[in-house]
file target-v3.pdb (PDB, C-alpha atoms and all ligand atoms)
ATOM      1  CA  MET A 197       0.000   0.000   0.000  1.00  0.00           C
ATOM      2  CA  VAL A 198       2.765   2.383   1.011  1.00  0.00           C
ATOM      3  CA  GLU A 199       4.737   1.321  -2.028  1.00  0.00           C
ATOM      4  CA  LEU A 200       1.762   2.036  -4.285  1.00  0.00           C
ATOM      5  CA  ARG A 201       1.382   5.495  -2.796  1.00  0.00           C
ATOM      6  CA  LEU A 202       5.087   6.118  -3.258  1.00  0.00           C
ATOM      7  CA  HIS A 203       4.748   5.086  -6.886  1.00  0.00           C
ATOM      8  CA  THR A 204       1.811   7.426  -7.385  1.00  0.00           C
ATOM      9  CA  LEU A 205       3.784  10.224  -5.753  1.00  0.00           C
ATOM     10  CA  GLN A 206       6.721   9.545  -7.998  1.00  0.00           C
ATOM     11  CA  TYR A 207       4.504   9.569 -11.076  1.00  0.00           C
ATOM     12  CA  THR A 208       2.902  12.834  -9.979  1.00  0.00           C
ATOM     13  CA  ALA A 209       6.342  14.349  -9.428  1.00  0.00           C
ATOM     14  CA  ASN A 210       7.535  13.131 -12.809  1.00  0.00           C
ATOM     15  CA  PHE A 211       4.420  14.486 -14.461  1.00  0.00           C
ATOM     16  CA  ALA A 212       4.867  17.848 -12.720  1.00  0.00           C
ATOM     17  CA  ILE A 213       8.503  18.030 -13.869  1.00  0.00           C
ATOM     18  CA  LEU A 214       7.528  17.142 -17.440  1.00  0.00           C
ATOM     19  CA  LEU A 215       4.775  19.740 -17.414  1.00  0.00           C
ATOM     20  CA  PHE A 216       7.162  22.349 -16.037  1.00  0.00           C
ATOM     21  CA  VAL A 217       9.834  21.554 -18.637  1.00  0.00           C
ATOM     22  CA  GLY A 218       7.274  21.591 -21.446  1.00  0.00           C
ATOM     23  CA  LEU A 219       5.748  24.873 -20.335  1.00  0.00           C
ATOM     24  CA  SER A 220       9.087  26.581 -19.852  1.00  0.00           C
ATOM     25  CA  ALA A 221      10.177  25.358 -23.305  1.00  0.00           C
ATOM     26  CA  ILE A 222       7.082  26.962 -24.807  1.00  0.00           C
ATOM     27  CA  LEU A 223       7.616  30.141 -22.787  1.00  0.00           C
ATOM     28  CA  CYS A 224      11.300  30.313 -23.722  1.00  0.00           C
ATOM     29  CA  ARG A 225      10.504  29.751 -27.359  1.00  0.00           C
ATOM     30  CA  PHE A 226       7.824  32.391 -27.553  1.00  0.00           C
ATOM     31  CA  TRP A 227       8.615  34.931 -24.891  1.00  0.00           C
ATOM     32  CA  ILE A 228      12.316  34.950 -24.259  1.00  0.00           C
ATOM     33  CA  GLY A 229      14.042  36.312 -27.295  1.00  0.00           C
ATOM     34  CA  LEU A 230      10.764  37.144 -28.957  1.00  0.00           C
ATOM     35  CA  MET A 231      11.176  38.211 -32.573  1.00  0.00           C
ATOM     36  CA  ILE A 232       8.243  39.927 -34.240  1.00  0.00           C
ATOM     37  CA  CYS A 233       7.999  40.041 -38.035  1.00  0.00           C
ATOM     38  CA  PRO A 234       7.944  43.702 -39.196  1.00  0.00           C
ATOM     39  CA  GLN A 235       5.549  42.834 -42.014  1.00  0.00           C
ATOM     40  CA  CYS A 236       2.842  40.615 -40.462  1.00  0.00           C
ATOM     41  CA  ARG A 237       3.686  40.802 -36.720  1.00  0.00           C
ATOM     42  CA  SER A 238       3.972  37.045 -36.444  1.00  0.00           C
ATOM     43  CA  ALA A 239       6.280  35.640 -33.756  1.00  0.00           C
ATOM     44  CA  GLU A 240       7.118  32.641 -35.925  1.00  0.00           C
ATOM     45  CA  CYS A 241      10.491  33.956 -36.989  1.00  0.00           C
ATOM     46  CA  PHE A 242      13.629  31.914 -37.350  1.00  0.00           C
ATOM     47  CA  ARG A 243      17.260  32.744 -37.901  1.00  0.00           C
ATOM     48  CA  SER A 244      18.100  32.772 -41.576  1.00  0.00           C
ATOM     49  CA  ARG A 245      21.380  31.595 -43.007  1.00  0.00           C
ATOM     50  CA  ARG A 246      23.845  34.319 -43.914  1.00  0.00           C
ATOM     51  CA  SER A 247      24.486  34.691 -47.628  1.00  0.00           C
ATOM     52  CA  GLY A 248      25.823  37.459 -49.817  1.00  0.00           C
ATOM     53  CA  VAL A 249      27.777  40.610 -49.126  1.00  0.00           C
ATOM     54  CA  PHE A 250      24.939  42.470 -47.383  1.00  0.00           C
ATOM     55  CA  ASP A 251      24.539  39.784 -44.749  1.00  0.00           C
ATOM     56  CA  PHE A 252      28.210  39.942 -43.871  1.00  0.00           C
ATOM     57  CA  LEU A 253      28.176  43.744 -43.814  1.00  0.00           C
ATOM     58  CA  GLY A 254      25.177  43.504 -41.528  1.00  0.00           C
ATOM     59  CA  THR A 255      27.053  41.142 -39.231  1.00  0.00           C
ATOM     60  CA  ALA A 256      29.695  43.832 -38.781  1.00  0.00           C
ATOM     61  CA  ALA A 257      26.918  46.137 -37.561  1.00  0.00           C
ATOM     62  CA  GLY A 258      25.620  43.441 -35.220  1.00  0.00           C
ATOM     63  CA  LEU A 259      22.656  42.617 -37.450  1.00  0.00           C
ATOM     64  CA  ARG A 260      21.374  39.108 -38.049  1.00  0.00           C
ATOM     65  CA  PRO A 261      19.176  37.914 -40.890  1.00  0.00           C
ATOM     66  CA  TRP A 262      15.795  36.392 -39.904  1.00  0.00           C
ATOM     67  CA  ARG A 263      12.943  34.861 -41.846  1.00  0.00           C
ATOM     68  CA  CYS A 264       9.270  34.897 -40.959  1.00  0.00           C
ATOM     69  CA  HIS A 265       7.605  31.520 -41.461  1.00  0.00           C
ATOM     70  CA  THR A 266       4.137  33.058 -41.700  1.00  0.00           C
ATOM     71  CA  CYS A 267       4.689  35.491 -44.586  1.00  0.00           C
ATOM     72  CA  ASP A 268       8.184  34.400 -45.728  1.00  0.00           C
ATOM     73  CA  PHE A 269       9.533  37.917 -45.271  1.00  0.00           C
ATOM     74  CA  ARG A 270      13.307  38.145 -44.739  1.00  0.00           C
ATOM     75  CA  PHE A 271      14.583  40.911 -42.493  1.00  0.00           C
ATOM     76  CA  TYR A 272      17.502  42.065 -40.388  1.00  0.00           C
ATOM     77  CA  ALA A 273      17.398  42.480 -36.641  1.00  0.00           C
ATOM     78  CA  TRP A 274      19.380  43.298 -33.542  1.00  0.00           C
ATOM     79  CA  THR A 275      17.362  42.285 -30.466  1.00  0.00           C
ATOM     80  CA  VAL A 276      14.345  43.477 -32.467  1.00  0.00           C
ATOM     81  CA  ALA A 277      13.751  44.037 -36.185  1.00  0.00           C
ATOM     82  CA  VAL A 278      15.493  47.124 -37.593  1.00  0.00           C
ATOM     83  CA  SER A 279      12.207  48.868 -38.445  1.00  0.00           C
ATOM     84  CA  PHE A 280      11.043  48.492 -34.805  1.00  0.00           C
ATOM     85  CA  ALA A 281      14.367  49.456 -33.231  1.00  0.00           C
ATOM     86  CA  GLY A 282      13.351  53.115 -33.004  1.00  0.00           C
ATOM     87  CA  TYR A 283      10.745  52.280 -30.344  1.00  0.00           C
ATOM     88  CA  ALA A 284      11.375  51.582 -26.686  1.00  0.00           C
ATOM     89  CA  HIS A 285      12.037  47.879 -26.128  1.00  0.00           C
ATOM     90  CA  CYS A 286      13.707  45.517 -23.727  1.00  0.00           C
ATOM     91  CA  MET A 287      17.363  45.085 -24.722  1.00  0.00           C
ATOM     92  CA  ARG A 288      17.464  41.607 -23.274  1.00  0.00           C
ATOM     93  CA  CYS A 289      14.419  39.902 -24.777  1.00  0.00           C
ATOM     94  CA  GLY A 290      13.023  42.307 -27.377  1.00  0.00           C
ATOM     95  CA  ASN A 291       9.696  42.851 -25.630  1.00  0.00           C
ATOM     96  CA  PHE A 292       7.715  46.018 -26.477  1.00  0.00           C
ATOM     97  CA  ASP A 293       4.969  45.443 -23.902  1.00  0.00           C
ATOM     98  CA  LEU A 294       6.624  47.499 -21.177  1.00  0.00           C
ATOM     99  CA  ARG A 295       5.400  49.056 -17.966  1.00  0.00           C
ATOM    100  CA  ARG A 296       6.339  52.578 -16.856  1.00  0.00           C
ATOM    101  CA  VAL A 297       8.009  52.607 -13.448  1.00  0.00           C
ATOM    102  CA  PRO A 298       9.346  55.418 -11.246  1.00  0.00           C
ATOM    103  CA  ALA A 299      12.912  56.396 -12.180  1.00  0.00           C
ATOM    104  CA  ASP A 300      14.328  55.366  -8.787  1.00  0.00           C
ATOM    105  CA  ARG A 301      13.347  51.731  -9.418  1.00  0.00           C
ATOM    106  CA  VAL A 302      16.060  51.336 -12.077  1.00  0.00           C
ATOM    107  CA  PRO A 303      19.354  50.050 -10.596  1.00  0.00           C
ATOM    108  CA  LEU A 304      22.085  52.649 -10.600  1.00  0.00           C
ATOM    109  CA  GLY A 305      24.768  52.402 -13.269  1.00  0.00           C
ATOM    110  CA  VAL A 306      26.799  54.807 -15.383  1.00  0.00           C
ATOM    111  CA  GLN A 307      24.354  54.621 -18.289  1.00  0.00           C
ATOM    112  CA  SER A 308      21.235  54.755 -16.156  1.00  0.00           C
ATOM    113  CA  PHE A 309      22.674  57.668 -14.175  1.00  0.00           C
ATOM    114  CA  VAL A 310      23.203  59.694 -17.358  1.00  0.00           C
ATOM    115  CA  LYS A 311      19.824  58.701 -18.777  1.00  0.00           C
ATOM    116  CA  ARG A 312      18.058  59.590 -15.533  1.00  0.00           C
ATOM    117  CA  ARG A 313      19.714  63.017 -15.626  1.00  0.00           C
ATOM    118  CA  LEU A 314      18.495  63.443 -19.199  1.00  0.00           C
ATOM    119  CA  GLY A 315      14.954  62.810 -18.012  1.00  0.00           C
ATOM    120  CA  CYS A 316      14.422  59.547 -19.900  1.00  0.00           C
ATOM    121  CA  ARG A 317      11.401  57.403 -19.073  1.00  0.00           C
ATOM    122  CA  ALA A 318      11.940  54.326 -16.940  1.00  0.00           C
ATOM    123  CA  TYR A 319      10.397  50.999 -17.955  1.00  0.00           C
ATOM    124  CA  ARG A 320      10.145  47.494 -16.604  1.00  0.00           C
ATOM    125  CA  CYS A 321       9.967  44.411 -18.793  1.00  0.00           C
ATOM    126  CA  ASP A 322       7.530  41.971 -17.197  1.00  0.00           C
ATOM    127  CA  LEU A 323       8.932  39.008 -19.131  1.00  0.00           C
ATOM    128  CA  CYS A 324      12.537  39.161 -17.953  1.00  0.00           C
ATOM    129  CA  ARG A 325      12.184  41.736 -15.136  1.00  0.00           C
ATOM    130  CA  LEU A 326      14.771  44.053 -16.600  1.00  0.00           C
ATOM    131  CA  LYS A 327      14.401  47.693 -15.550  1.00  0.00           C
ATOM    132  CA  PHE A 328      15.899  50.312 -17.812  1.00  0.00           C
ATOM    133  CA  PHE A 329      15.702  53.838 -19.166  1.00  0.00           C
ATOM    134  CA  SER A 330      14.801  54.583 -22.745  1.00  0.00           C
ATOM    135  CA  ILE A 331      14.839  57.784 -24.754  1.00  0.00           C
ATOM    136  CA  ARG A 332      12.861  56.171 -27.616  1.00  0.00           C
ATOM    137  CA  PRO A 333       9.128  56.722 -28.071  1.00  0.00           C
ATOM    138  CA  TYR A 334       6.859  54.040 -26.643  1.00  0.00           C
ATOM    139  CA  ARG A 335       4.754  51.903 -28.944  1.00  0.00           C
ATOM    140  CA  ARG A 336       3.126  48.683 -27.788  1.00  0.00           C
ATOM    141  CA  ILE A 337       4.055  46.245 -30.579  1.00  0.00           C
ATOM    142  CA  LEU A 338       2.595  42.817 -29.858  1.00  0.00           C
ATOM    143  CA  PRO A 339       2.912  39.599 -31.859  1.00  0.00           C
ATOM    144  CA  SER A 340      -0.272  38.787 -33.748  1.00  0.00           C
ATOM    145  CA  MET A 341      -2.329  36.428 -31.605  1.00  0.00           C
ATOM    146  CA  VAL A 342      -3.549  34.324 -34.565  1.00  0.00           C
ATOM    147  CA  ALA A 343      -0.032  33.238 -35.443  1.00  0.00           C
ATOM    148  CA  PHE A 344       0.840  32.791 -31.768  1.00  0.00           C
ATOM    149  CA  GLN A 345      -2.175  30.556 -31.042  1.00  0.00           C
ATOM    150  CA  LYS A 346      -1.551  28.503 -34.158  1.00  0.00           C
ATOM    151  CA  ALA A 347       2.005  27.877 -33.008  1.00  0.00           C
ATOM    152  CA  VAL A 348       0.914  26.883 -29.488  1.00  0.00           C
ATOM    153  CA  ASN A 349      -1.780  24.478 -30.719  1.00  0.00           C
ATOM    154  CA  SER A 350       0.402  22.720 -33.249  1.00  0.00           C
TER     155      SER A 350
HETATM  156 ZN    ZN B 401       5.728  37.815 -41.353  1.00  0.00          ZN
HETATM  157 ZN    ZN B 402      12.762  41.669 -21.353  1.00  0.00          ZN
END
call {"tool": "encode", "arguments": {"input": "target-v3.pdb", "output": "structure tokens", "more": "lines below"}}
Ligand SMILES: [Zn+2]
Ligand SMILES: [Zn+2]
result
Amino acid sequence: MVELRLHTLQYTANFAILLFVGLSAILCRFWIGLMICPQCRSAECFRSRRSGVFDFLGTAAGLRPWRCHTCDFRFYAWTVAVSFAGYAHCMRCGNFDLRRVPADRVPLGVQSFVKRRLGCRAYRCDLCRLKFFSIRPYRRILPSMVAFQKAVNS
């Protein structure tokens, strides 16, 4: 009886671990390092192979080629696509869905000290908890939910 209960416990634990791993894999895939297609806003973007002179010139500028699997659009990106880089975003994960926070919540550093003095707005990224200042205008760019749900269901 005790053995049976132990077995059940073990199975429950295993199931919980599997569920956790699966969920975090999905979350990592879609939320950490989120890349949004500048043409259709799909999050189904994948790194494209470098080819040609422009790709290697781009590499020198820290740009990487990406391809959207929803609309087949090829584009260049840093943490976010070049055409979105002018808007405030999280430098770590590329999230645009940011929350305004008081300036004193951002940890002190050389850059943040200067930016605070310049009167930049302070933001917090809810996905990776990074707090930072940004001089760029805010625009809430979200991945299109149709593409996102399709990816989750498949
Ligand atoms: Zn696209
Ligand atoms: Zn982030």
call {"tool": "resolve_selection", "arguments": {"input": "target-v3.pdb", "expression": "the PyMOL selection byres (((not hetatm)) within 9 of (chain B and resi 401))", "output": "compact mmCIF listing (two decimals) with C-alpha atoms, in the frame of the given file"}}
result
# COMPACT_ATOMS: atom_id res chain seq x y z
CA ILE A 232 8.24 39.93 -34.24
CA CYS A 233 8.00 40.04 -38.03
CA PRO A 234 7.94 43.70 -39.20
CA GLN A 235 5.55 42.83 -42.01
CA CYS A 236 2.84 40.62 -40.46
CA ARG A 237 3.69 40.80 -36.72
CA SER A 238 3.97 37.04 -36.44
CA ALA A 239 6.28 35.64 -33.76
CA GLU A 240 7.12 32.64 -35.92
CA CYS A 241 10.49 33.96 -36.99
CA ARG A 263 12.94 34.86 -41.85
CA CYS A 264 9.27 34.90 -40.96
CA HIS A 265 7.60 31.52 -41.46
CA THR A 266 4.14 33.06 -41.70
CA CYS A 267 4.69 35.49 -44.59
CA ASP A 268 8.18 34.40 -45.73
CA PHE A 269 9.53 37.92 -45.27
CA ARG A 270 13.31 38.15 -44.74
call {"tool": "resolve_selection", "arguments": {"input": "target-v3.pdb", "expression": "the PyMOL selection byres (((chain A and resi 333) around 9) and not hetatm)", "output": "ChimeraX atom specification"}}
result
/A:282-284,330-332,334-335
call {"tool": "closest_residue", "arguments": {"input": "target-v3.pdb", "among": "A:Leu230, A:Arg301, A:Phe329, A:Thr255", "to": "ligand ZN 402 (chain B)", "atoms": "all atoms listed in the file"}}
result
A:Leu230
call {"tool": "closest_atom_pairs", "arguments": {"input": "target-v3.pdb", "of": "chain A", "to": "ligand ZN 402 (chain B)", "cutoff": "8 Å", "atoms": "only C-alpha atoms and all ligand atoms", "output": "Markdown table"}}
result
| residue | atom | partner | partner_atom | distance |
| --- | --- | --- | --- | --- |
| A:Ile228 | CA | B:ZN402 | ZN | 7.3 |
| A:His285 | CA | B:ZN402 | ZN | 7.9 |
| A:Cys286 | CA | B:ZN402 | ZN | 4.6 |
| A:Met287 | CA | B:ZN402 | ZN | 6.6 |
| A:Arg288 | CA | B:ZN402 | ZN | 5.1 |
| A:Cys289 | CA | B:ZN402 | ZN | 4.2 |
| A:Gly290 | CA | B:ZN402 | ZN | 6.1 |
| A:Asn291 | CA | B:ZN402 | ZN | 5.4 |
| A:Arg320 | CA | B:ZN402 | ZN | 8.0 |
| A:Cys321 | CA | B:ZN402 | ZN | 4.7 |
| A:Asp322 | CA | B:ZN402 | ZN | 6.7 |
| A:Leu323 | CA | B:ZN402 | ZN | 5.2 |
| A:Cys324 | CA | B:ZN402 | ZN | 4.2 |
| A:Arg325 | CA | B:ZN402 | ZN | 6.2 |
| A:Leu326 | CA | B:ZN402 | ZN | 5.7 |
call {"tool": "atom_distance", "arguments": {"input": "target-v3.pdb", "atom1": "atom CA of Leu259 of chain A", "atom2": "atom CA of Lys311 of chain A"}}
result
24.8 Å
call {"tool": "residues_around", "arguments": {"input": "target-v3.pdb", "residues": "Pro261 of chain A", "least_positions_apart": "2", "cutoff": "6 Å", "atoms": "all atoms listed in the file", "output": "PyMOL selection string"}}
result
chain A and resi 244+271-272
call {"tool": "write_last_selection", "arguments": {"input": "target-v3.pdb", "atoms": "C-alpha atoms", "output": "compact mmCIF listing (two decimals), in the coordinates of the input"}}
result
# COMPACT_ATOMS: atom_id res chain seq x y z
CA SER A 244 18.10 32.77 -41.58
CA PHE A 271 14.58 40.91 -42.49
CA TYR A 272 17.50 42.06 -40.39
call {"tool": "closest_residue", "arguments": {"input": "target-v3.pdb", "among": "A:Phe250, A:Phe242, A:Trp262, A:Phe309", "to": "Val278 of chain A", "atoms": "only C-alpha atoms"}}
result
A:Trp262
call {"tool": "residues_around", "arguments": {"input": "target-v3.pdb", "residues": "Asp293 of chain A", "least_positions_apart": "2", "cutoff": "7 Å", "atoms": "all atoms listed in the file", "output": "count of residues only"}}
result
5
call {"tool": "residues_around", "arguments": {"input": "target-v3.pdb", "residues": "Ala318 of chain A", "least_positions_apart": "6", "cutoff": "6 Å", "atoms": "all atoms listed in the file", "output": "PDB file with C-alpha atoms, keeping the file's coordinate frame"}}
result
ATOM      1  CA  ARG A 296       6.339  52.578 -16.856  1.00  0.00           C
ATOM      2  CA  VAL A 297       8.009  52.607 -13.448  1.00  0.00           C
ATOM      3  CA  ALA A 299      12.912  56.396 -12.180  1.00  0.00           C
ATOM      4  CA  PHE A 328      15.899  50.312 -17.812  1.00  0.00           C
ATOM      5  CA  PHE A 329      15.702  53.838 -19.166  1.00  0.00           C
TER       6      PHE A 329
END
call {"tool": "axis_aligned_box", "arguments": {"input": "target-v3.pdb", "around": "segment 286-302 of chain A", "padding_each_side": "4 Å", "output": "JSON"}}
result
{"center_x": 11.2, "center_y": 48.1, "center_z": -18.1, "size_x": 20.5, "size_y": 24.5, "size_z": 26.6}
call {"tool": "closest_residue", "arguments": {"input": "target-v3.pdb", "among": "A:Arg260, A:Arg201, A:Ser340, A:Met231", "to": "Val276 of chain A", "atoms": "all atoms listed in the file"}}
result
A:Met231
call {"tool": "atom_distance", "arguments": {"input": "target-v3.pdb", "atom1": "atom CA of Gly315 of chain A", "atom2": "atom CA of Asp300 of chain A"}}
result
11.9 Å
call {"tool": "closest_residue", "arguments": {"input": "target-v3.pdb", "among": "A:Gly305, A:Pro339, A:Pro298, A:Gly248", "to": "Arg317 of chain A", "atoms": "only C-alpha atoms"}}
result
A:Pro298
call {"tool": "atom_distance", "arguments": {"input": "target-v3.pdb", "atom1": "atom CA of Arg246 of chain A", "atom2": "atom CA of Phe280 of chain A"}}
result
21.2 Å
